[in-house]
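A.B. asks: Before anything else, here's the structure in question.
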Amino acid sequence: MVFCLALTLLAAIAEYAHEESHRASQARTWVTHTLIVMQRAMELENAVMLMEVDHRAFLVRNDPGFLASRDGYHQQATRILADLRILTRDNAGQRSRLDTIALLLARRVERMRETTEFSKRESIDAARAHFDPMGQNSIEPLRGAIAELDQAEARLLESRSLDAAERSRKLDWLLLLGPGLGIVLLGVGLYTLLGQLRRSERMGQDLACANDEAQRALGLLDATHDGVFIYDADTLHFSYVNTGAVNQVGYARVELLGMTALDIKPGFDESGFRRLLAPLLAGKVESLAYETVHRRKDGTDVPVEAVSRYAKSGNDAQSVVTIVRDISVRKQAEDERDRFFNLSLDMLCIASADGYFKRVSPAFTKTLGWSVEELTARPFLDFVHPDDHAATLAEVERQVRAGEAVLQFENRYQHKDGSWRMLSWKSVPQTGGLMYATARDVTESKAIELRIINLNRELTDRQIALEAANKELEAFTYSVSHDLRAPLRHIGGYARILQEDAVGQLDHNMRRYLDAISASARTMGTLIDELLAFSRLGRQPLEQTVVDMNALAERALIEVGDGRQSGCRVQVSALPAAQGDPTLLRQVWTNLLSNALKYSAKRGDAAQVEISGEQDGEVTRYRVRDNGVGFDMRYVDKLFGVFQRLHSQEEFEGTGVGLAIVQRIVSRHGGRVWAEGEREHGATFTFELPSAGIQPMEDMA
Amino acid sequence: MSYQHVEILLVEDSSADAEMTLRTLKRRGIANNVEWVKDGVEAIDYLFCQGTYAGRANGVPKLVLLDLKMPRMDGLQVLQKMKADALTRTIPVVMMTSSREEGDLIASYELGVNSYVVKPVDFDKFAETVAQVGMYWLIANEAPV
């Protein structure tokens with residue numbers, strides 16, 4: 001506008017000058033001419049710069065809309081160049097400069113065209129890489145040439161202005177004023193133009209910056225592991241993929257740029273995928289997040305999480321920018337968690353503070369009969385026994401509010417069949433009002449526990465009863481020893497007195513009857529004494545000391561007559577020491593040896609008794625072997641029973657308590673005793689005692 | 001030797017045992033003058049000349065054969081009273097009992113019994129035991145009295 005005004009004014013002044021002064025007009029015409037050339041040169045540079053700006057805007061935005069505008073400025077520059085050729089046809093120097101400018105412009109435009117071709121053929125990336133904003137092929141040489149043209153014209157202006165001034169000194173003030181005004185106007189115009197230029201310069205710098213920024217962003221995009229896929233919203237063709245994307249799917253970048261988004265999504269058919277994208281493209285949602293599977297070039301599938309955004313450019317091209325994350329590691333962890341959750345025999349659940357199960361493991365269904373849906377549909381308290389409501393709520397409260405872990409809590413849950421199951425809970429508080437808990441069905445173990453408690457109670461009751469019985473038995477023993485023995489003594493005593501006092505009056509049979517009465521009384525007395533001794537064994541406290549078994553056996557042997565009367569040969573080997581009660585162990589030897597002598601006595605001089613012993617690891621073993629009458633192994637069980645005898649009283653005297661006493665003493669020492677034998681081929685009695693640390697069996701009664 | 005003087009006080013609730021004891025002591029010629037009382041109360045009355053025996057005048061016995069288990073007052077109580085009194089403390093007391101109970105035996109010794117004898121069931125052995133006890137305490141042993 002300013003230029004127009006300036007030009008109009010200049011033209012008017014020129015006209016006026018021409019009319020007013022025919023002679024001085026020539027010089028002024030040249031000044032004007034020069035000014036016009038300078039102005040056109042500025043216009044040229046302006047057009048060239050705008051062309052450059054549009055091209056770079058295209059590269060940054062990848063918006064073909066800028067290309068048209070760019071080409072428009074190119075045409076404008078070409079027109080101005082043509083004008084300048086006409087305007088400067090008298091000036092060879094300027095014409096050659098204009099040739100240079102035309103050549104540089106052609107090169108620049110050619111480069112721009114190549115870039116555009118790259119962007120169409122390959123990618124905007126390739127185009128950006130190809131278009132060099134700096135260096136020899138940049139816009140700078142062109143601008144330099146235009147500036148040269150401008151400077152040459154400015155020098156012309158200077159000399160022509162001086163010439164014009166000299167030639168028309170007498171030009172009236174208007175003629176002086178006219179060009180002055182024109183120059184002022186032109187100055188304003190120039191200033192404006194320079195401002196525009198500066199702006200376009202800044203724009204160029206901004207453009208370079210934006211370009212750098214874009215390069216940096218692209219670098220960043222390549223640095224991320226996430227895949228960035230940009231594809232056309234309509235054709236679904238990829239227009240950009242970053243290195244992450246390339247790595248994710250295993251295709252080369254070039255391959256991918258020839259593919260569509262559908263090619264790597266086995267989970268979608270085209271209509272399905274378009275349905276998925278529809279809300280995004282319709283602007284109903286700003287972004288779209290979904291999980292799917294990407295198929296790699298090698299045919300394997302990668303679980304991915306995708307977030308898509310819709311990018312609209314100025315023109316019709318619309319693309320979808322999708323950032324894709326490989327979630328196979330997370331998926332695997334989720335799968336493992338799910339497997340753990342589903343396979344656990346324990347009942348696992350996630351419950352929220354609102355009183356509902358958010359998730360329950362199948363073990364819940366197995367234990368309670370309710371389906372997962374049924375369990376999550378109602379507040380969990382609905383399943384809890386009414387009597388346990390308060391305690392359950394208190395426990396939940398304690399955990400959710402106070403953040404305390406539940407380590408031991410039991411309540412009853414109703415099974416679908418109506419029965420109640422006792423569940424034992426463990427839970428750790430989590431943030432967000434969620435409770436992660438495990439439960440265990442302890443109904444059976446509770447029942448068992450109860451049964452054990454009952455059994456224990458019963459056992460205690462029995463123990464008390466047993467102790468009472470024991471006391472009674474003791475009292476009984478006492479009374480037996482005192483009250484039963486006395487009458488026996490009296491029977492025997494009076495029979496004796498009768499024998500003494502009536503000896504002359506009794507015949508042989510009568511005397512035999514009295515003998516029988518005495519003998520029976522005596523036998524019964526012995527039985528009672530042995531029975532008392534046997535019962536006393538269980539009550540007597542057990543002494544624990546190291547016992548010289550050889551010494552004990554020798555003494556016992558002397559006690560039972562050491563076989564000399566019967567002519568029995570007794571052989572005693574070296575015996576290992578024992579741990580126990582010497583008095584009781586001596587009783588063992590006494591009973592075993594008296595038996596051995598008694599049952600081998602019939603052998604006369606051939607009778608033989610061997611006493612031996614050995615240490616065998618944890619036990620010390622002792623053996624009494626005889627070559628006497630032996631016994632039938634069929635009755636071996638009866639040997640150690642109280643009052644059990646394998647021989648008649650006539651054959652061998654005895655009460656049948658001796659071996660029972662042996663067994664009781666040995667078992668009180670924590671050992672065992674057994675017998676081996678054969679009729680008429682002797683018997684062997686063996687007893688074992690723990691070598692050390694005796695845990696005596698405290699048998700009652 | 002005064003036959004009027006009671007040589008043995010037999011404290012025995014069983015008449016059969018008493019009869020056999022007396023017969024043995026007599027037949028063996030150990031003691032002719034044996035006084036027999038049937039329980040502890042009578043024994044104390046006799047020893048301290050009280051109750052039924054108030055005013056008797058044949059002194060203290062040289063030996064007391066004391067049954068353990070008796071009605072009214074048992075042998076241990078009699079023993080206790082005797083050893084608690086200066087008059088009777090020095091009289092030898094032989095506990096004659098059917099009981100082998102260790103508790104009784106220990107209690108008797110703690111109360112100062114001079115001998116503890118278990119009556120054998122067999123009469124011959126019983127007679128032998130009674131004779132030995134009488135012989136020892138009346139003849140072999142020197143009493144302080």
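For the structure tokens, the naming scheme is as follows: chains receive sequential letters (A, B, ...) according to their order of presentation, residues are indexed from 1 within each chain, and ligands are indexed from 1 in presentation order.
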Please identify every residue of chain A that has at least one atom no farther than 12 Å from an atom of chain B, counting only C-alpha atoms, and for each give the shortest atom pair and the distance in Å to one decimal, arranged by chain then increasing number, as a Markdown table.

C.D. replies:
```
| residue | atom | partner | partner_atom | distance |
| --- | --- | --- | --- | --- |
| A:Glu474 | CA | B:Glu101 | CA | 10.1 |
| A:Ala475 | CA | B:Glu101 | CA | 10.7 |
| A:Thr477 | CA | B:Glu101 | CA | 9.3 |
| A:Tyr478 | CA | B:Ser99 | CA | 7.0 |
| A:Ser479 | CA | B:Ser99 | CA | 8.4 |
| A:Val480 | CA | B:Ser99 | CA | 9.0 |
| A:Ser481 | CA | B:Ser99 | CA | 5.7 |
| A:His482 | CA | B:Ser98 | CA | 4.7 |
| A:Asp483 | CA | B:Ser98 | CA | 7.7 |
| A:Leu484 | CA | B:Ser98 | CA | 9.1 |
| A:Arg485 | CA | B:Val121 | CA | 5.9 |
| A:Ala486 | CA | B:Val121 | CA | 6.8 |
| A:Pro487 | CA | B:Ala16 | CA | 8.5 |
| A:Leu488 | CA | B:Val121 | CA | 6.3 |
| A:Arg489 | CA | B:Val121 | CA | 4.5 |
| A:His490 | CA | B:Ala16 | CA | 6.3 |
| A:Ile491 | CA | B:Phe123 | CA | 8.6 |
| A:Gly492 | CA | B:Phe123 | CA | 5.7 |
| A:Gly493 | CA | B:Phe123 | CA | 4.7 |
| A:Tyr494 | CA | B:Met20 | CA | 8.3 |
| A:Ala495 | CA | B:Phe123 | CA | 9.0 |
| A:Arg496 | CA | B:Phe123 | CA | 7.3 |
| A:Ile497 | CA | B:Met20 | CA | 8.6 |
| A:Leu498 | CA | B:Met20 | CA | 12.0 |
| A:Glu500 | CA | B:Arg27 | CA | 11.4 |
| A:Asp501 | CA | B:Arg23 | CA | 11.5 |
| A:Ile517 | CA | B:Asp122 | CA | 11.5 |
| A:Ser518 | CA | B:Asp122 | CA | 8.1 |
| A:Ala519 | CA | B:Asp122 | CA | 9.1 |
| A:Ser520 | CA | B:Asp122 | CA | 10.3 |
| A:Ala521 | CA | B:Asp122 | CA | 7.6 |
| A:Arg522 | CA | B:Asp122 | CA | 5.7 |
| A:Thr523 | CA | B:Asp122 | CA | 9.3 |
| A:Met524 | CA | B:Val121 | CA | 9.1 |
| A:Gly525 | CA | B:Val121 | CA | 5.8 |
| A:Thr526 | CA | B:Val121 | CA | 8.3 |
| A:Leu527 | CA | B:Val121 | CA | 11.0 |
| A:Ile528 | CA | B:Val121 | CA | 9.8 |
| A:Asp529 | CA | B:Val121 | CA | 9.3 |
| A:Leu532 | CA | B:Arg100 | CA | 9.3 |
| A:Ala533 | CA | B:Arg100 | CA | 9.9 |
| A:Arg536 | CA | B:Glu101 | CA | 9.6 |
| A:Arg539 | CA | B:Glu102 | CA | 11.9 |
| A:Gln540 | CA | B:Glu102 | CA | 10.5 |
```

A.B. asks: Please list as a list in words every residue within 8 Å of B:Leu79, counting only C-alpha atoms and excluding residues in the same chain fewer than 5 positions away.

C.D. replies: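 Answer for this query is Val93, Ser108, Leu111, Gly112 and Val113 of chain B.
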
A.B. asks: Restricting the output to C-alpha atoms, write the selected residues as an mmCIF file, in the first residue's frame.

C.D. replies:
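Result saved to selection_37.cif:
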```cif
data_model
loop_
_atom_site.group_PDB
_atom_site.id
_atom_site.type_symbol
_atom_site.label_atom_id
_atom_site.label_comp_id
_atom_site.auth_asym_id
_atom_site.auth_seq_id
_atom_site.Cartn_x
_atom_site.Cartn_y
_atom_site.Cartn_z
ATOM 1 C CA VAL B 93 7.704 -102.320 122.123
ATOM 2 C CA SER B 108 6.644 -97.008 113.712
ATOM 3 C CA LEU B 111 7.732 -93.067 116.857
ATOM 4 C CA GLY B 112 10.539 -95.070 118.502
ATOM 5 C CA VAL B 113 9.451 -98.675 118.086
#
```

A.B. asks: For B:Ala143, which residue out of B:Gly103, B:Gly29, B:Gly55, B:Pro92 is the nearest one, using only C-alpha atoms?

C.D. replies: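 Result for the nearest residue to B:Ala143: B:Pro92.
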
A.B. asks: Out of stretch 22-121 of chain B, which residues get helix (DSSP H, G or I) from DSSP, as a PyMOL selection string?

C.D. replies: chain B and resi 22-27+40-47+51-53+75-84+86-89+102-110

A.B. asks: Let's have the selection written as a PDB file, in the first residue's frame, with C-alpha atoms.

C.D. replies:
```pdb
ATOM      1  CA  LEU B  22      -0.040-117.145 124.066  1.00  0.00           C
ATOM      2  CA  ARG B  23       0.194-120.885 123.321  1.00  0.00           C
ATOM      3  CA  THR B  24       3.593-120.463 121.692  1.00  0.00           C
ATOM      4  CA  LEU B  25       5.011-118.345 124.510  1.00  0.00           C
ATOM      5  CA  LYS B  26       3.696-120.826 127.082  1.00  0.00           C
ATOM      6  CA  ARG B  27       4.755-124.015 125.326  1.00  0.00           C
ATOM      7  CA  GLY B  40      -5.311 -99.690 121.949  1.00  0.00           C
ATOM      8  CA  VAL B  41      -7.685 -98.100 124.444  1.00  0.00           C
ATOM      9  CA  GLU B  42      -7.464-101.102 126.705  1.00  0.00           C
ATOM     10  CA  ALA B  43      -3.699-101.139 126.310  1.00  0.00           C
ATOM     11  CA  ILE B  44      -3.401 -97.513 127.428  1.00  0.00           C
ATOM     12  CA  ASP B  45      -5.816 -98.075 130.315  1.00  0.00           C
ATOM     13  CA  TYR B  46      -3.717-101.072 131.411  1.00  0.00           C
ATOM     14  CA  LEU B  47      -0.365 -99.310 131.073  1.00  0.00           C
ATOM     15  CA  GLY B  51     -10.322 -97.049 133.286  1.00  0.00           C
ATOM     16  CA  THR B  52     -10.956-100.777 133.712  1.00  0.00           C
ATOM     17  CA  TYR B  53      -7.459-101.210 135.090  1.00  0.00           C
ATOM     18  CA  GLY B  75      -0.897 -99.562 117.376  1.00  0.00           C
ATOM     19  CA  LEU B  76       0.766 -96.372 116.184  1.00  0.00           C
ATOM     20  CA  GLN B  77      -1.329 -94.252 118.542  1.00  0.00           C
ATOM     21  CA  VAL B  78      -0.534 -96.521 121.463  1.00  0.00           C
ATOM     22  CA  LEU B  79       3.140 -96.370 120.581  1.00  0.00           C
ATOM     23  CA  GLN B  80       3.032 -92.598 120.409  1.00  0.00           C
ATOM     24  CA  LYS B  81       1.451 -92.301 123.847  1.00  0.00           C
ATOM     25  CA  MET B  82       3.898 -94.752 125.376  1.00  0.00           C
ATOM     26  CA  LYS B  83       6.969 -93.022 124.012  1.00  0.00           C
ATOM     27  CA  ALA B  84       5.602 -89.671 125.108  1.00  0.00           C
ATOM     28  CA  ALA B  86       8.384 -91.188 131.013  1.00  0.00           C
ATOM     29  CA  LEU B  87       6.694 -94.112 132.785  1.00  0.00           C
ATOM     30  CA  THR B  88       6.300 -96.171 129.650  1.00  0.00           C
ATOM     31  CA  ARG B  89       9.017 -94.743 127.394  1.00  0.00           C
ATOM     32  CA  GLU B 102       6.430 -99.363 104.206  1.00  0.00           C
ATOM     33  CA  GLY B 103       4.493 -96.372 105.540  1.00  0.00           C
ATOM     34  CA  ASP B 104       3.577 -98.232 108.692  1.00  0.00           C
ATOM     35  CA  LEU B 105       7.093 -99.465 109.189  1.00  0.00           C
ATOM     36  CA  ILE B 106       8.650 -96.040 108.843  1.00  0.00           C
ATOM     37  CA  ALA B 107       6.004 -94.406 111.025  1.00  0.00           C
ATOM     38  CA  SER B 108       6.644 -97.008 113.712  1.00  0.00           C
ATOM     39  CA  TYR B 109      10.375 -96.414 113.765  1.00  0.00           C
ATOM     40  CA  GLU B 110       9.880 -92.667 113.757  1.00  0.00           C
TER      41      GLU B 110
END
```

A.B. asks: Using only C-alpha atoms, determine which residues lie at most 9 Å from A:Ser424, disregarding the query and same-chain residues fewer than 5 positions distant; provide the list as a list in words.

C.D. replies: Gln408, Phe409, Glu410, Asn411, Arg412, Thr438, Ala439, Arg440, Asp441 and Val442 of chain A

A.B. asks: Out of stretch 49-145 of chain B, which residues get strand (DSSP E or B) from DSSP, as a PyMOL selection string?

C.D. replies: chain B and resi 63-67+93-97+115-118

A.B. asks: Would you export the selected residues with C-alpha atoms as a short mmCIF file (atom, residue, chain, number, x, y, z; two decimals), in the first residue's frame, please?

C.D. replies:
```cif
data_model
loop_
_atom_site.label_atom_id
_atom_site.label_comp_id
_atom_site.auth_asym_id
_atom_site.auth_seq_id
_atom_site.Cartn_x
_atom_site.Cartn_y
_atom_site.Cartn_z
CA LEU B 63 7.71 -106.13 126.82
CA VAL B 64 4.76 -104.97 124.78
CA LEU B 65 3.75 -106.98 121.72
CA LEU B 66 1.64 -104.48 119.78
CA ASP B 67 -0.64 -105.20 116.86
CA VAL B 93 7.70 -102.32 122.12
CA VAL B 94 7.65 -104.88 119.32
CA MET B 95 5.21 -104.10 116.54
CA MET B 96 3.64 -107.40 115.44
CA THR B 97 1.70 -106.90 112.29
CA SER B 115 11.33 -103.84 116.74
CA TYR B 116 9.01 -104.39 113.79
CA VAL B 117 7.99 -107.93 112.95
CA VAL B 118 5.73 -109.11 110.14
#
```

A.B. asks: Between A:Ala147, A:Phe534, A:Thr78, A:Met510, which one has atoms that come closest to A:Gly641, using only C-alpha atoms?

C.D. replies: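 Nearest to A:Gly641: A:Phe534.
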
A.B. asks: Might you pull out every residue within 10 Å of A:Asn591, with only C-alpha atoms counted and same-chain residues fewer than 4 positions away left off, and present them as a list in words?

C.D. replies: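 So the residues in contact are Ala556, Leu557, Val560, Leu585, Arg586, Gln587, Asn595, Ala596, Val657, Gly658, Leu659, Ala660, Ile661 and Val662 of chain A.
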
A.B. asks: Taking C-alpha atoms for each residue, export the selection above as a PDB file, in the first residue's frame.

C.D. replies:
```
ATOM      1  CA  ALA A 556      20.844-113.542  92.630  1.00  0.00           C
ATOM      2  CA  LEU A 557      22.491-116.825  91.828  1.00  0.00           C
ATOM      3  CA  VAL A 560      18.464-119.063  94.393  1.00  0.00           C
ATOM      4  CA  LEU A 585      16.939-105.626  88.405  1.00  0.00           C
ATOM      5  CA  ARG A 586      18.164-108.079  90.991  1.00  0.00           C
ATOM      6  CA  GLN A 587      14.605-109.339  91.246  1.00  0.00           C
ATOM      7  CA  ASN A 595      13.206-120.520  86.722  1.00  0.00           C
ATOM      8  CA  ALA A 596      16.230-121.701  84.751  1.00  0.00           C
ATOM      9  CA  VAL A 657       3.880-114.469  89.097  1.00  0.00           C
ATOM     10  CA  GLY A 658       7.665-114.592  88.639  1.00  0.00           C
ATOM     11  CA  LEU A 659       7.793-113.843  84.895  1.00  0.00           C
ATOM     12  CA  ALA A 660       4.999-111.316  85.177  1.00  0.00           C
ATOM     13  CA  ILE A 661       7.163-109.475  87.710  1.00  0.00           C
ATOM     14  CA  VAL A 662      10.146-109.719  85.332  1.00  0.00           C
TER      15      VAL A 662
END
```

A.B. asks: Between B:Ala54, B:Val60, B:Met135, B:Ala140, which has the minimum distance to B:Ile30 (counting only C-alpha atoms)?

C.D. replies: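 Selected residue with least distance to B:Ile30: B:Met135.
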
A.B. asks: Can you list, as a list in words, every protein, DNA or RNA residue that comes within 7 Å of B:Asp13 when you count only C-alpha atoms, leaving out same-chain residues fewer than 4 positions away?

C.D. replies: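 Listed by chain and then number, they are Lys38, Asp39 and Met70 of chain B.
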
A.B. asks: Include N, CA and C atoms and write out the residues we just selected as a PDB file, in the first residue's frame.

C.D. replies:
```pdb
ATOM      1  N   LYS B  38      -7.445-106.299 124.073  1.00  0.00           N
ATOM      2  CA  LYS B  38      -7.956-106.447 122.698  1.00  0.00           C
ATOM      3  C   LYS B  38      -7.833-105.221 121.801  1.00  0.00           C
ATOM      4  N   ASP B  39      -7.479-104.062 122.387  1.00  0.00           N
ATOM      5  CA  ASP B  39      -7.275-102.888 121.514  1.00  0.00           C
ATOM      6  C   ASP B  39      -6.426-101.836 122.197  1.00  0.00           C
ATOM      7  N   MET B  70      -5.988-102.033 114.712  1.00  0.00           N
ATOM      8  CA  MET B  70      -6.955-102.417 115.746  1.00  0.00           C
ATOM      9  C   MET B  70      -8.116-101.421 115.768  1.00  0.00           C
TER      10      MET B  70
END
```

A.B. asks: Please list as a list in words every residue within 6 Å of stretch 43-58 of chain A, counting only C-alpha atoms and excluding residues in the same chain fewer than 5 positions away.

C.D. replies: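 Non-adjacent residues within range: Asp63, Phe66, Arg70, Tyr73, Ala77 and Ile80 of chain A.
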
A.B. asks: One number please: atom CA of A:Phe685 to atom CA of A:Ser573, in Å, one decimal.

C.D. replies: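 So the two atoms, atom CA of A:Phe685 and atom CA of A:Ser573, lie 15.4 Å apart.
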
A.B. asks: Between atom CA of A:Arg97 and atom CA of A:Ile146, what is the distance, to one decimal in Å?

C.D. replies: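 For atom CA of A:Arg97 relative to atom CA of A:Ile146, the distance reads 7.9 Å.
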